[in-house]
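Engineer: Structure file coords34.cif (mmCIF, C-alpha atoms) is given on the next line.
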```
data_run
#
loop_
_atom_site.group_PDB
_atom_site.id
_atom_site.type_symbol
_atom_site.label_atom_id
_atom_site.label_comp_id
_atom_site.auth_asym_id
_atom_site.auth_seq_id
_atom_site.Cartn_x
_atom_site.Cartn_y
_atom_site.Cartn_z
ATOM 1 C CA MET A 1 -37.106 -125.959 121.174
ATOM 2 C CA LEU A 2 -33.452 -127.032 120.996
ATOM 3 C CA MET A 3 -32.275 -123.484 121.560
ATOM 4 C CA LYS A 4 -34.512 -123.164 124.613
ATOM 5 C CA PHE A 5 -33.158 -126.452 126.006
ATOM 6 C CA VAL A 6 -29.549 -125.314 125.507
ATOM 7 C CA ARG A 7 -30.231 -122.001 127.233
ATOM 8 C CA THR A 8 -31.985 -123.768 130.098
ATOM 9 C CA ARG A 9 -28.952 -125.994 130.682
ATOM 10 C CA ALA A 10 -26.735 -122.908 130.678
ATOM 11 C CA HIS A 11 -28.908 -121.253 133.334
ATOM 12 C CA ILE A 12 -28.831 -124.417 135.459
ATOM 13 C CA ALA A 13 -25.028 -124.496 135.176
ATOM 14 C CA LEU A 14 -24.854 -120.894 136.398
ATOM 15 C CA ILE A 15 -27.160 -121.598 139.323
ATOM 16 C CA ILE A 16 -25.028 -124.564 140.442
ATOM 17 C CA ALA A 17 -21.797 -122.576 140.005
ATOM 18 C CA ASN A 18 -23.017 -119.678 142.087
ATOM 19 C CA ILE A 19 -24.309 -121.969 144.826
ATOM 20 C CA ILE A 20 -20.798 -123.423 145.000
ATOM 21 C CA PHE A 21 -19.260 -119.934 145.025
ATOM 22 C CA GLY A 22 -21.667 -118.825 147.733
ATOM 23 C CA VAL A 23 -20.629 -121.733 149.944
ATOM 24 C CA ASN A 24 -16.976 -121.200 149.037
ATOM 25 C CA TYR A 25 -17.033 -117.743 150.585
ATOM 26 C CA SER A 26 -17.412 -119.280 154.057
ATOM 27 C CA VAL A 27 -15.211 -122.302 153.380
ATOM 28 C CA ALA A 28 -12.258 -120.291 152.060
ATOM 29 C CA LYS A 29 -12.549 -117.864 154.955
ATOM 30 C CA SER A 30 -12.473 -120.756 157.428
ATOM 31 C CA VAL A 31 -9.190 -122.232 156.149
ATOM 32 C CA MET A 32 -7.281 -118.926 155.895
ATOM 33 C CA PRO A 33 -4.885 -118.093 157.407
ATOM 34 C CA ASP A 34 -4.790 -120.736 160.190
ATOM 35 C CA GLN A 35 -4.808 -123.812 157.939
ATOM 36 C CA ILE A 36 -3.174 -122.333 154.836
ATOM 37 C CA LYS A 37 -1.889 -118.899 153.867
ATOM 38 C CA PRO A 38 -3.724 -117.014 151.074
ATOM 39 C CA PHE A 39 -0.899 -116.996 148.513
ATOM 40 C CA ALA A 40 -0.141 -120.662 149.163
ATOM 41 C CA LEU A 41 -3.806 -121.483 148.530
ATOM 42 C CA VAL A 42 -3.729 -119.470 145.306
ATOM 43 C CA SER A 43 -0.754 -121.501 144.072
ATOM 44 C CA LEU A 44 -2.244 -124.825 145.116
ATOM 45 C CA ARG A 45 -5.642 -124.256 143.521
ATOM 46 C CA SER A 46 -4.046 -123.010 140.299
ATOM 47 C CA PHE A 47 -1.649 -125.962 140.037
ATOM 48 C CA VAL A 48 -4.209 -128.667 140.830
ATOM 49 C CA THR A 49 -6.912 -127.104 138.646
ATOM 50 C CA THR A 50 -4.515 -126.963 135.697
ATOM 51 C CA ILE A 51 -3.852 -130.691 136.073
ATOM 52 C CA LEU A 52 -7.581 -131.462 136.313
ATOM 53 C CA PHE A 53 -8.413 -129.499 133.160
ATOM 54 C CA TRP A 54 -5.608 -131.158 131.192
ATOM 55 C CA ILE A 55 -6.859 -134.574 132.292
ATOM 56 C CA ALA A 56 -10.421 -133.599 131.323
ATOM 57 C CA SER A 57 -9.198 -132.445 127.891
ATOM 58 C CA HIS A 58 -8.436 -136.082 127.008
ATOM 59 C CA PHE A 59 -12.173 -136.861 127.154
ATOM 60 C CA ILE A 60 -13.215 -134.326 124.512
ATOM 61 C CA PRO A 61 -12.357 -134.126 120.790
ATOM 62 C CA LYS A 62 -8.800 -132.875 120.314
ATOM 63 C CA GLU A 63 -8.591 -129.218 119.318
ATOM 64 C CA THR A 64 -5.605 -127.306 117.944
ATOM 65 C CA VAL A 65 -5.435 -123.751 119.241
ATOM 66 C CA SER A 66 -3.730 -121.253 116.953
ATOM 67 C CA ARG A 67 -0.681 -119.329 118.172
ATOM 68 C CA LYS A 68 -2.604 -116.085 117.952
ATOM 69 C CA ASP A 69 -5.351 -117.473 120.167
ATOM 70 C CA LEU A 70 -2.811 -118.880 122.629
ATOM 71 C CA LEU A 71 -1.456 -115.379 123.048
ATOM 72 C CA TYR A 72 -4.988 -114.126 123.557
ATOM 73 C CA LEU A 73 -5.631 -116.820 126.189
ATOM 74 C CA PHE A 74 -2.403 -115.818 127.912
ATOM 75 C CA ALA A 75 -3.822 -112.305 128.310
ATOM 76 C CA CYS A 76 -7.148 -113.715 129.498
ATOM 77 C CA SER A 77 -5.377 -115.785 132.148
ATOM 78 C CA PHE A 78 -3.960 -112.628 133.706
ATOM 79 C CA PHE A 79 -7.428 -111.228 134.391
ATOM 80 C CA GLY A 80 -9.374 -114.455 134.991
ATOM 81 C CA VAL A 81 -6.827 -116.499 136.950
ATOM 82 C CA VAL A 82 -3.915 -114.432 138.257
ATOM 83 C CA ILE A 83 -5.696 -111.256 139.397
ATOM 84 C CA ASN A 84 -9.026 -112.913 140.161
ATOM 85 C CA GLN A 85 -7.754 -115.779 142.287
ATOM 86 C CA THR A 86 -4.986 -113.849 144.033
ATOM 87 C CA LEU A 87 -6.888 -110.714 144.963
ATOM 88 C CA PHE A 88 -10.082 -112.583 145.846
ATOM 89 C CA LEU A 89 -8.373 -114.727 148.484
ATOM 90 C CA VAL A 90 -6.090 -111.982 149.767
ATOM 91 C CA GLY A 91 -8.956 -109.513 149.922
ATOM 92 C CA LEU A 92 -11.240 -112.032 151.597
ATOM 93 C CA ASN A 93 -8.554 -112.711 154.195
ATOM 94 C CA MET A 94 -8.256 -109.005 155.032
ATOM 95 C CA THR A 95 -11.692 -107.439 154.725
ATOM 96 C CA SER A 96 -15.047 -107.965 156.433
ATOM 97 C CA PRO A 97 -17.880 -110.082 154.985
ATOM 98 C CA ILE A 98 -20.175 -107.024 154.731
ATOM 99 C CA ASN A 99 -17.695 -104.912 152.772
ATOM 100 C CA SER A 100 -16.675 -107.810 150.535
ATOM 101 C CA SER A 101 -20.280 -108.726 149.720
ATOM 102 C CA ILE A 102 -21.167 -105.184 148.696
ATOM 103 C CA ILE A 103 -18.106 -104.900 146.465
ATOM 104 C CA LEU A 104 -18.765 -108.341 144.958
ATOM 105 C CA ALA A 105 -22.298 -107.273 144.064
ATOM 106 C CA THR A 106 -20.945 -104.571 141.737
ATOM 107 C CA ASN A 107 -19.590 -107.216 139.326
ATOM 108 C CA PRO A 108 -22.665 -107.273 137.036
ATOM 109 C CA ILE A 109 -22.445 -103.505 136.646
ATOM 110 C CA PHE A 110 -18.864 -103.675 135.372
ATOM 111 C CA ALA A 111 -19.689 -106.663 133.153
ATOM 112 C CA PHE A 112 -22.671 -104.753 131.776
ATOM 113 C CA VAL A 113 -20.436 -101.779 130.873
ATOM 114 C CA PHE A 114 -17.658 -103.917 129.369
ATOM 115 C CA ALA A 115 -20.161 -105.939 127.321
ATOM 116 C CA ALA A 116 -21.682 -102.754 125.951
ATOM 117 C CA LEU A 117 -18.273 -101.279 125.053
ATOM 118 C CA ILE A 118 -16.517 -104.392 123.738
ATOM 119 C CA LEU A 119 -19.251 -106.731 122.502
ATOM 120 C CA LYS A 120 -21.644 -103.911 121.557
ATOM 121 C CA GLU A 121 -24.312 -105.601 123.639
ATOM 122 C CA LYS A 122 -27.547 -103.649 123.537
ATOM 123 C CA ILE A 123 -28.414 -101.821 126.748
ATOM 124 C CA SER A 124 -32.151 -102.385 127.043
ATOM 125 C CA PHE A 125 -34.570 -101.106 129.651
ATOM 126 C CA MET A 126 -35.272 -104.670 130.832
ATOM 127 C CA LYS A 127 -31.592 -105.416 131.465
ATOM 128 C CA GLY A 128 -31.038 -102.135 133.246
ATOM 129 C CA ALA A 129 -34.112 -102.704 135.412
ATOM 130 C CA GLY A 130 -33.018 -106.272 136.190
ATOM 131 C CA LEU A 131 -29.583 -105.125 137.316
ATOM 132 C CA ALA A 132 -31.104 -102.464 139.559
ATOM 133 C CA ILE A 133 -33.653 -104.849 141.102
ATOM 134 C CA GLY A 134 -31.039 -107.510 141.791
ATOM 135 C CA LEU A 135 -28.610 -105.008 143.316
ATOM 136 C CA PHE A 136 -31.360 -103.620 145.530
ATOM 137 C CA GLY A 137 -32.056 -107.130 146.803
ATOM 138 C CA VAL A 138 -28.387 -107.650 147.667
ATOM 139 C CA LEU A 139 -28.158 -104.303 149.462
ATOM 140 C CA MET A 140 -31.269 -105.096 151.493
ATOM 141 C CA LEU A 141 -29.660 -108.313 152.710
ATOM 142 C CA ILE A 142 -26.273 -106.793 153.490
ATOM 143 C CA LEU A 143 -27.263 -103.472 155.027
ATOM 144 C CA GLN A 144 -29.573 -105.069 157.562
ATOM 145 C CA ASN A 145 -26.394 -105.859 159.504
ATOM 146 C CA GLY A 146 -25.265 -102.243 159.614
ATOM 147 C CA THR A 147 -23.323 -99.766 157.510
ATOM 148 C CA PRO A 148 -19.856 -100.981 156.450
ATOM 149 C CA ASP A 149 -16.910 -99.097 157.906
ATOM 150 C CA ILE A 150 -14.964 -98.038 154.805
ATOM 151 C CA GLY A 151 -12.466 -96.127 156.914
ATOM 152 C CA SER A 152 -11.376 -99.157 158.919
ATOM 153 C CA SER A 153 -8.181 -101.204 158.684
ATOM 154 C CA THR A 154 -9.913 -103.461 156.127
ATOM 155 C CA PHE A 155 -9.781 -100.733 153.474
ATOM 156 C CA LEU A 156 -6.836 -102.343 151.632
ATOM 157 C CA GLY A 157 -8.745 -105.615 151.482
ATOM 158 C CA ASP A 158 -11.688 -103.720 150.038
ATOM 159 C CA ILE A 159 -9.449 -102.276 147.310
ATOM 160 C CA TYR A 160 -8.104 -105.749 146.476
ATOM 161 C CA THR A 161 -11.661 -107.079 146.262
ATOM 162 C CA LEU A 162 -12.766 -104.212 144.015
ATOM 163 C CA VAL A 163 -9.860 -104.724 141.603
ATOM 164 C CA ASN A 164 -10.657 -108.459 141.570
ATOM 165 C CA THR A 165 -14.306 -107.711 140.805
ATOM 166 C CA ILE A 166 -13.450 -105.431 137.881
ATOM 167 C CA SER A 167 -10.883 -107.928 136.566
ATOM 168 C CA TRP A 168 -13.365 -110.822 136.664
ATOM 169 C CA ALA A 169 -16.028 -108.750 134.901
ATOM 170 C CA PHE A 170 -13.542 -107.866 132.150
ATOM 171 C CA TYR A 171 -12.485 -111.527 131.860
ATOM 172 C CA THR A 172 -16.049 -112.769 131.380
ATOM 173 C CA VAL A 173 -16.402 -110.395 128.442
ATOM 174 C CA ILE A 174 -13.087 -111.001 126.646
ATOM 175 C CA ILE A 175 -13.129 -114.801 127.087
ATOM 176 C CA LYS A 176 -16.425 -114.966 125.177
ATOM 177 C CA ARG A 177 -14.516 -114.725 121.899
ATOM 178 C CA MET A 178 -12.537 -117.913 122.642
ATOM 179 C CA LEU A 179 -15.610 -119.812 123.810
ATOM 180 C CA GLU A 180 -17.202 -119.226 120.421
ATOM 181 C CA LYS A 181 -14.265 -121.042 118.772
ATOM 182 C CA TYR A 182 -13.201 -123.760 121.225
ATOM 183 C CA HIS A 183 -14.620 -126.173 123.783
ATOM 184 C CA PRO A 184 -14.836 -124.745 127.341
ATOM 185 C CA ILE A 185 -12.374 -127.342 128.654
ATOM 186 C CA THR A 186 -9.852 -126.431 125.944
ATOM 187 C CA VAL A 187 -10.160 -122.763 126.871
ATOM 188 C CA MET A 188 -9.817 -123.470 130.593
ATOM 189 C CA LYS A 189 -6.819 -125.807 130.314
ATOM 190 C CA TRP A 190 -4.786 -123.141 128.519
ATOM 191 C CA THR A 191 -6.047 -120.282 130.665
ATOM 192 C CA PHE A 192 -5.045 -122.042 133.882
ATOM 193 C CA PHE A 193 -1.820 -123.353 132.355
ATOM 194 C CA PHE A 194 -0.653 -119.814 131.586
ATOM 195 C CA GLY A 195 -1.943 -118.456 134.891
ATOM 196 C CA MET A 196 -0.075 -121.141 136.823
ATOM 197 C CA PHE A 197 3.297 -119.689 135.800
ATOM 198 C CA THR A 198 2.449 -116.496 137.665
ATOM 199 C CA THR A 199 0.487 -117.779 140.651
ATOM 200 C CA ILE A 200 3.047 -120.424 141.666
ATOM 201 C CA PRO A 201 5.961 -117.946 141.969
ATOM 202 C CA VAL A 202 3.668 -115.506 143.793
ATOM 203 C CA GLY A 203 2.736 -118.130 146.377
ATOM 204 C CA TYR A 204 6.125 -119.809 146.703
ATOM 205 C CA SER A 205 7.274 -117.750 149.703
ATOM 206 C CA GLN A 206 4.297 -118.943 151.770
ATOM 207 C CA TRP A 207 4.181 -122.397 150.170
ATOM 208 C CA SER A 208 7.804 -123.197 150.994
ATOM 209 C CA VAL A 209 7.574 -122.429 154.726
ATOM 210 C CA MET A 210 4.226 -124.081 155.427
ATOM 211 C CA ASP A 211 3.952 -127.106 157.703
ATOM 212 C CA TRP A 212 1.615 -129.177 155.534
ATOM 213 C CA SER A 213 1.435 -131.953 158.139
ATOM 214 C CA ALA A 214 -0.177 -129.505 160.577
ATOM 215 C CA ILE A 215 -3.273 -129.076 158.392
ATOM 216 C CA SER A 216 -6.259 -130.840 159.979
ATOM 217 C CA LEU A 217 -8.668 -133.185 158.202
ATOM 218 C CA ASN A 218 -11.313 -130.460 158.152
ATOM 219 C CA GLY A 219 -8.697 -128.109 156.768
ATOM 220 C CA TRP A 220 -7.899 -130.478 153.885
ATOM 221 C CA LEU A 221 -11.610 -130.946 153.191
ATOM 222 C CA GLY A 222 -12.030 -127.178 153.033
ATOM 223 C CA ILE A 223 -9.002 -126.788 150.768
ATOM 224 C CA GLY A 224 -10.323 -129.607 148.566
ATOM 225 C CA PHE A 225 -13.663 -127.806 148.268
ATOM 226 C CA VAL A 226 -11.923 -124.569 147.236
ATOM 227 C CA VAL A 227 -9.695 -126.308 144.688
ATOM 228 C CA VAL A 228 -11.913 -128.996 143.150
ATOM 229 C CA LEU A 229 -15.460 -127.694 143.467
ATOM 230 C CA SER A 230 -15.086 -123.924 143.574
ATOM 231 C CA THR A 231 -12.222 -123.647 141.089
ATOM 232 C CA PHE A 232 -12.311 -126.613 138.695
ATOM 233 C CA LEU A 233 -16.065 -127.288 138.619
ATOM 234 C CA GLY A 234 -17.055 -123.672 139.237
ATOM 235 C CA TYR A 235 -14.954 -122.296 136.378
ATOM 236 C CA LEU A 236 -16.156 -125.075 134.075
ATOM 237 C CA LEU A 237 -19.824 -124.327 134.787
ATOM 238 C CA ILE A 238 -19.343 -120.570 134.402
ATOM 239 C CA THR A 239 -17.528 -121.126 131.119
ATOM 240 C CA TYR A 240 -20.334 -123.392 129.914
ATOM 241 C CA GLY A 241 -22.831 -120.638 130.685
ATOM 242 C CA LEU A 242 -20.681 -117.974 129.027
ATOM 243 C CA ARG A 243 -20.547 -119.976 125.810
ATOM 244 C CA ARG A 244 -24.324 -119.847 125.444
ATOM 245 C CA LEU A 245 -25.365 -116.659 127.238
ATOM 246 C CA SER A 246 -24.140 -113.073 127.313
ATOM 247 C CA PRO A 247 -21.649 -111.891 129.954
ATOM 248 C CA THR A 248 -24.337 -109.621 131.404
ATOM 249 C CA ILE A 249 -26.672 -112.565 132.032
ATOM 250 C CA VAL A 250 -23.835 -114.661 133.461
ATOM 251 C CA SER A 251 -22.704 -111.893 135.811
ATOM 252 C CA ILE A 252 -26.192 -111.186 137.153
ATOM 253 C CA TYR A 253 -26.161 -114.615 138.798
ATOM 254 C CA ILE A 254 -23.465 -113.355 141.161
ATOM 255 C CA TYR A 255 -26.314 -111.717 143.059
ATOM 256 C CA MET A 256 -27.147 -115.202 144.340
ATOM 257 C CA GLN A 257 -23.905 -115.515 146.273
ATOM 258 C CA PRO A 258 -24.629 -113.235 149.259
ATOM 259 C CA VAL A 259 -27.975 -114.990 149.730
ATOM 260 C CA ILE A 260 -26.342 -118.436 149.619
ATOM 261 C CA ALA A 261 -23.673 -117.277 152.061
ATOM 262 C CA ALA A 262 -26.389 -116.059 154.440
ATOM 263 C CA TYR A 263 -28.228 -119.386 154.277
ATOM 264 C CA VAL A 264 -24.973 -121.285 154.916
ATOM 265 C CA ALA A 265 -24.378 -119.119 157.981
ATOM 266 C CA THR A 266 -27.901 -119.972 159.139
ATOM 267 C CA LEU A 267 -27.309 -123.716 158.768
ATOM 268 C CA ILE A 268 -24.179 -123.591 160.907
ATOM 269 C CA GLY A 269 -25.852 -121.467 163.558
ATOM 270 C CA GLN A 270 -24.275 -118.100 162.820
ATOM 271 C CA ASP A 271 -27.460 -116.437 161.553
ATOM 272 C CA ARG A 272 -31.154 -117.047 161.047
ATOM 273 C CA ILE A 273 -33.549 -116.788 158.110
ATOM 274 C CA ASP A 274 -35.806 -113.754 158.328
ATOM 275 C CA LEU A 275 -38.185 -111.762 156.149
ATOM 276 C CA VAL A 276 -35.377 -109.621 154.730
ATOM 277 C CA MET A 277 -33.579 -112.734 153.425
ATOM 278 C CA VAL A 278 -36.740 -114.011 151.758
ATOM 279 C CA VAL A 279 -37.537 -110.664 150.114
ATOM 280 C CA SER A 280 -33.904 -110.277 149.024
ATOM 281 C CA ALA A 281 -33.927 -113.699 147.371
ATOM 282 C CA LEU A 282 -37.133 -112.881 145.486
ATOM 283 C CA LEU A 283 -35.712 -109.578 144.250
ATOM 284 C CA ILE A 284 -32.482 -111.225 143.119
ATOM 285 C CA PHE A 285 -34.248 -113.910 141.103
ATOM 286 C CA ALA A 286 -36.567 -111.261 139.649
ATOM 287 C CA GLY A 287 -33.470 -109.369 138.538
ATOM 288 C CA VAL A 288 -32.084 -112.497 136.883
ATOM 289 C CA PHE A 289 -35.368 -112.984 135.035
ATOM 290 C CA PHE A 290 -35.490 -109.426 133.672
ATOM 291 C CA VAL A 291 -31.862 -109.447 132.541
ATOM 292 C CA SER A 292 -32.117 -112.857 130.839
ATOM 293 C CA TRP A 293 -35.530 -112.298 129.235
ATOM 294 C CA GLN A 294 -35.459 -111.909 125.455
ATOM 295 C CA LYS A 295 -38.025 -111.845 122.695
ATOM 296 C CA LYS A 296 -38.267 -115.183 120.932
ATOM 297 C CA ASN A 297 -37.225 -113.775 117.581
ATOM 298 C CA SER A 298 -34.099 -112.189 119.084
ATOM 299 C CA ILE A 299 -32.601 -115.307 120.683
ATOM 300 C CA LYS A 300 -29.371 -116.414 119.051
ATOM 301 C CA VAL A 301 -27.368 -119.314 120.447
ATOM 302 C CA ASN A 302 -24.033 -120.686 119.298
ATOM 303 C CA LEU A 303 -24.386 -124.453 119.119
ATOM 304 C CA THR A 304 -20.883 -125.258 117.917
#
```
I'd like the structure from this file rewritten - as structure tokens, please.

Structural biologist:
Amino acid sequence: MLMKFVRTRAHIALIIANIIFGVNYSVAKSVMPDQIKPFALVSLRSFVTTILFWIASHFIPKETVSRKDLLYLFACSFFGVVINQTLFLVGLNMTSPINSSIILATNPIFAFVFAALILKEKISFMKGAGLAIGLFGVLMLILQNGTPDIGSSTFLGDIYTLVNTISWAFYTVIIKRMLEKYHPITVMKWTFFFGMFTTIPVGYSQWSVMDWSAISLNGWLGIGFVVVLSTFLGYLLITYGLRRLSPTIVSIYIYMQPVIAAYVATLIGQDRIDLVMVVSALLIFAGVFFVSWQKKNSIKVNLT
């Protein structure tokens, strides 16, 4: 019963995180590049999130991280913070929503492969079927708007987004080892701390020439959403889920994001809910169910 409760909380955390990420897609797009340049936003979100995680670390039992693990977390920060945050925002700023959504939906596939190779996660028929069903639901939603133009000027943005997607999938697999030893906040404070030393220099050229006083109230609200909710809270919730579930299960929830983005567009009058959206949502949640389903006697949860 306790194990089931812990797993349920992990699934709820992933649902909330991916709702935030789904909304963030539109919010981040709206503030770049008019309100803030992509690299400047990368630096800002990394710096502020690092501070927030270090503050949060004072409210959990103190943990001493070994030097070997600090080096490991340094490597993790490159894939989970530096590449992920930089290429996501830069790619989003350059490419189209259709192309980006399709590329983003490949994340569970890469996570599935990495988990099988690194963590020796068993590739079962149910997980494979769940991935296929969820991906089909995403493609139904996206392709109703037309075939993406891969040969357009957004191609470089597509490449950035693809590299980001692969990097994030790899990160979710390799960070699992640290989450089995330390509290999620401890892991995140060091991961962002190390990542900050790369993202701040990368964004300095745009940061230093920005007119911060020209950012509107709505712009600051959007930036605050990206930094506090999407980065700090989003990473914390994803990490919480990763500690208790496999990377494959965690990554499958990314299929929710295109659906959430579509519903957000509907609420602000840019789109409308139709039968395709409803069917897509049902297929995505069916995919999540098949991937996360396990026999009772095979469930193992780390409660430390």

Engineer: Name the residues captured by the PyMOL selection byres ((chain A and resi 127) around 12) when it is applied to the shown file; answer as a tab-separated table (two decimals) with C-alpha atoms, keeping the file's coordinate frame.

Structural biologist:
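Wrote it out as expr_37.tsv, contents follow:
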```
chain	number	residue	atom	x	y	z
A	108	PRO	CA	-22.66	-107.27	137.04
A	109	ILE	CA	-22.44	-103.50	136.65
A	112	PHE	CA	-22.67	-104.75	131.78
A	113	VAL	CA	-20.44	-101.78	130.87
A	116	ALA	CA	-21.68	-102.75	125.95
A	121	GLU	CA	-24.31	-105.60	123.64
A	122	LYS	CA	-27.55	-103.65	123.54
A	123	ILE	CA	-28.41	-101.82	126.75
A	124	SER	CA	-32.15	-102.38	127.04
A	125	PHE	CA	-34.57	-101.11	129.65
A	126	MET	CA	-35.27	-104.67	130.83
A	128	GLY	CA	-31.04	-102.14	133.25
A	129	ALA	CA	-34.11	-102.70	135.41
A	130	GLY	CA	-33.02	-106.27	136.19
A	131	LEU	CA	-29.58	-105.12	137.32
A	132	ALA	CA	-31.10	-102.46	139.56
A	133	ILE	CA	-33.65	-104.85	141.10
A	134	GLY	CA	-31.04	-107.51	141.79
A	246	SER	CA	-24.14	-113.07	127.31
A	247	PRO	CA	-21.65	-111.89	129.95
A	248	THR	CA	-24.34	-109.62	131.40
A	249	ILE	CA	-26.67	-112.56	132.03
A	251	SER	CA	-22.70	-111.89	135.81
A	252	ILE	CA	-26.19	-111.19	137.15
A	286	ALA	CA	-36.57	-111.26	139.65
A	287	GLY	CA	-33.47	-109.37	138.54
A	288	VAL	CA	-32.08	-112.50	136.88
A	289	PHE	CA	-35.37	-112.98	135.04
A	290	PHE	CA	-35.49	-109.43	133.67
A	291	VAL	CA	-31.86	-109.45	132.54
A	292	SER	CA	-32.12	-112.86	130.84
A	293	TRP	CA	-35.53	-112.30	129.24
A	294	GLN	CA	-35.46	-111.91	125.46
```

Engineer: Could you check how far CA of Ile175 (chain A) sits from CA of Ile260 (chain A), in Å to one decimal?

Structural biologist: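 Atom-to-atom, CA of Ile175 (chain A) and CA of Ile260 (chain A) are spaced 26.4 Å apart.
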
Engineer: Do a neighbour search on Leu119 (chain A) at 9 Å with only C-alpha atoms, toss out local chain neighbours closer than 5 positions, and write the hits as JSON, numbers by chain.

Structural biologist: {"A": [114, 173, 174]}

Engineer: Take CA of Phe79 (chain A) and CA of Tyr171 (chain A) and report the distance between them in Å, one decimal.

Structural biologist: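 Value for the CA of Phe79 (chain A)-CA of Tyr171 (chain A) distance: 5.7 Å.
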
Engineer: Show which residues sit within 9 Å of Gly157 (chain A), as a list in words. Count all atoms listed in the file, and ignore same-chain residues fewer than 5 positions away.

Structural biologist: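 My reading of the contact set: Leu87, Val90, Gly91, Leu92, Asn93, Met94, Thr95, Ser96, Ser100 and Leu162 of chain A.
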
Engineer: Compare A:Phe136, A:Leu73, A:Arg177, A:Phe53 by their minimum atom-to-atom distance to Phe285 (chain A), counting only C-alpha atoms, and give me the closest one.

Structural biologist: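 Smallest separation from Phe285 (chain A) among the options: A:Phe136.
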
Engineer: Check the smallest atom-to-atom distance from each of A:Ile36, A:Leu275, A:Ser280, A:Gln257 to Ile16 (chain A) using only C-alpha atoms, then report the winner.

Structural biologist: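 Ranking A:Ile36, A:Leu275, A:Ser280, A:Gln257 by distance to Ile16 (chain A), first place goes to A:Gln257.
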
Engineer: For CA of Leu217 (chain A) and CA of Leu237 (chain A), determine how far apart the two atoms are, in Å to one decimal place.

Structural biologist: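 Rounded to one decimal, the two atoms are 27.4 Å apart.
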
Engineer: Which of these, A:Leu242, A:Ala265, A:Leu89, A:Met178, has the shortest distance to Arg45 (chain A) once you count only C-alpha atoms?

Structural biologist: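 Closest residue, counting only C-alpha atoms: A:Leu89.
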
Engineer: Can you patch up region 2-16 of chain A, filling it in to N, CA and C atoms, and show the result as a PDB file, keeping the file's coordinate frame?

Structural biologist:
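File written: out_5.pdb
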```pdb
ATOM      1  N   LEU A   2     -34.825-126.668 120.661  1.00  0.00           N
ATOM      2  CA  LEU A   2     -33.452-127.032 120.996  1.00  0.00           C
ATOM      3  C   LEU A   2     -32.706-125.856 121.611  1.00  0.00           C
ATOM      4  N   MET A   3     -32.931-124.670 121.023  1.00  0.00           N
ATOM      5  CA  MET A   3     -32.275-123.484 121.560  1.00  0.00           C
ATOM      6  C   MET A   3     -32.702-123.218 122.994  1.00  0.00           C
ATOM      7  N   LYS A   4     -33.986-123.388 123.261  1.00  0.00           N
ATOM      8  CA  LYS A   4     -34.512-123.164 124.613  1.00  0.00           C
ATOM      9  C   LYS A   4     -33.905-124.158 125.583  1.00  0.00           C
ATOM     10  N   PHE A   5     -33.751-125.413 125.152  1.00  0.00           N
ATOM     11  CA  PHE A   5     -33.158-126.452 126.006  1.00  0.00           C
ATOM     12  C   PHE A   5     -31.706-126.122 126.328  1.00  0.00           C
ATOM     13  N   VAL A   6     -30.964-125.666 125.314  1.00  0.00           N
ATOM     14  CA  VAL A   6     -29.549-125.314 125.507  1.00  0.00           C
ATOM     15  C   VAL A   6     -29.422-124.157 126.486  1.00  0.00           C
ATOM     16  N   ARG A   7     -30.265-123.152 126.328  1.00  0.00           N
ATOM     17  CA  ARG A   7     -30.231-122.001 127.233  1.00  0.00           C
ATOM     18  C   ARG A   7     -30.619-122.402 128.653  1.00  0.00           C
ATOM     19  N   THR A   8     -31.574-123.311 128.770  1.00  0.00           N
ATOM     20  CA  THR A   8     -31.985-123.768 130.098  1.00  0.00           C
ATOM     21  C   THR A   8     -30.840-124.469 130.808  1.00  0.00           C
ATOM     22  N   ARG A   9     -30.109-125.310 130.090  1.00  0.00           N
ATOM     23  CA  ARG A   9     -28.952-125.994 130.682  1.00  0.00           C
ATOM     24  C   ARG A   9     -27.893-124.989 131.115  1.00  0.00           C
ATOM     25  N   ALA A  10     -27.713-123.934 130.331  1.00  0.00           N
ATOM     26  CA  ALA A  10     -26.735-122.908 130.678  1.00  0.00           C
ATOM     27  C   ALA A  10     -27.135-122.196 131.970  1.00  0.00           C
ATOM     28  N   HIS A  11     -28.426-121.897 132.113  1.00  0.00           N
ATOM     29  CA  HIS A  11     -28.908-121.253 133.334  1.00  0.00           C
ATOM     30  C   HIS A  11     -28.739-122.175 134.546  1.00  0.00           C
ATOM     31  N   ILE A  12     -29.005-123.452 134.362  1.00  0.00           N
ATOM     32  CA  ILE A  12     -28.831-124.417 135.459  1.00  0.00           C
ATOM     33  C   ILE A  12     -27.364-124.485 135.877  1.00  0.00           C
ATOM     34  N   ALA A  13     -26.466-124.472 134.886  1.00  0.00           N
ATOM     35  CA  ALA A  13     -25.028-124.496 135.176  1.00  0.00           C
ATOM     36  C   ALA A  13     -24.630-123.272 135.998  1.00  0.00           C
ATOM     37  N   LEU A  14     -25.176-122.118 135.669  1.00  0.00           N
ATOM     38  CA  LEU A  14     -24.854-120.894 136.398  1.00  0.00           C
ATOM     39  C   LEU A  14     -25.407-120.924 137.817  1.00  0.00           C
ATOM     40  N   ILE A  15     -26.584-121.489 137.982  1.00  0.00           N
ATOM     41  CA  ILE A  15     -27.160-121.598 139.323  1.00  0.00           C
ATOM     42  C   ILE A  15     -26.277-122.483 140.205  1.00  0.00           C
ATOM     43  N   ILE A  16     -25.881-123.642 139.676  1.00  0.00           N
ATOM     44  CA  ILE A  16     -25.028-124.564 140.442  1.00  0.00           C
ATOM     45  C   ILE A  16     -23.693-123.903 140.773  1.00  0.00           C
TER      46      ILE A  16
END
```
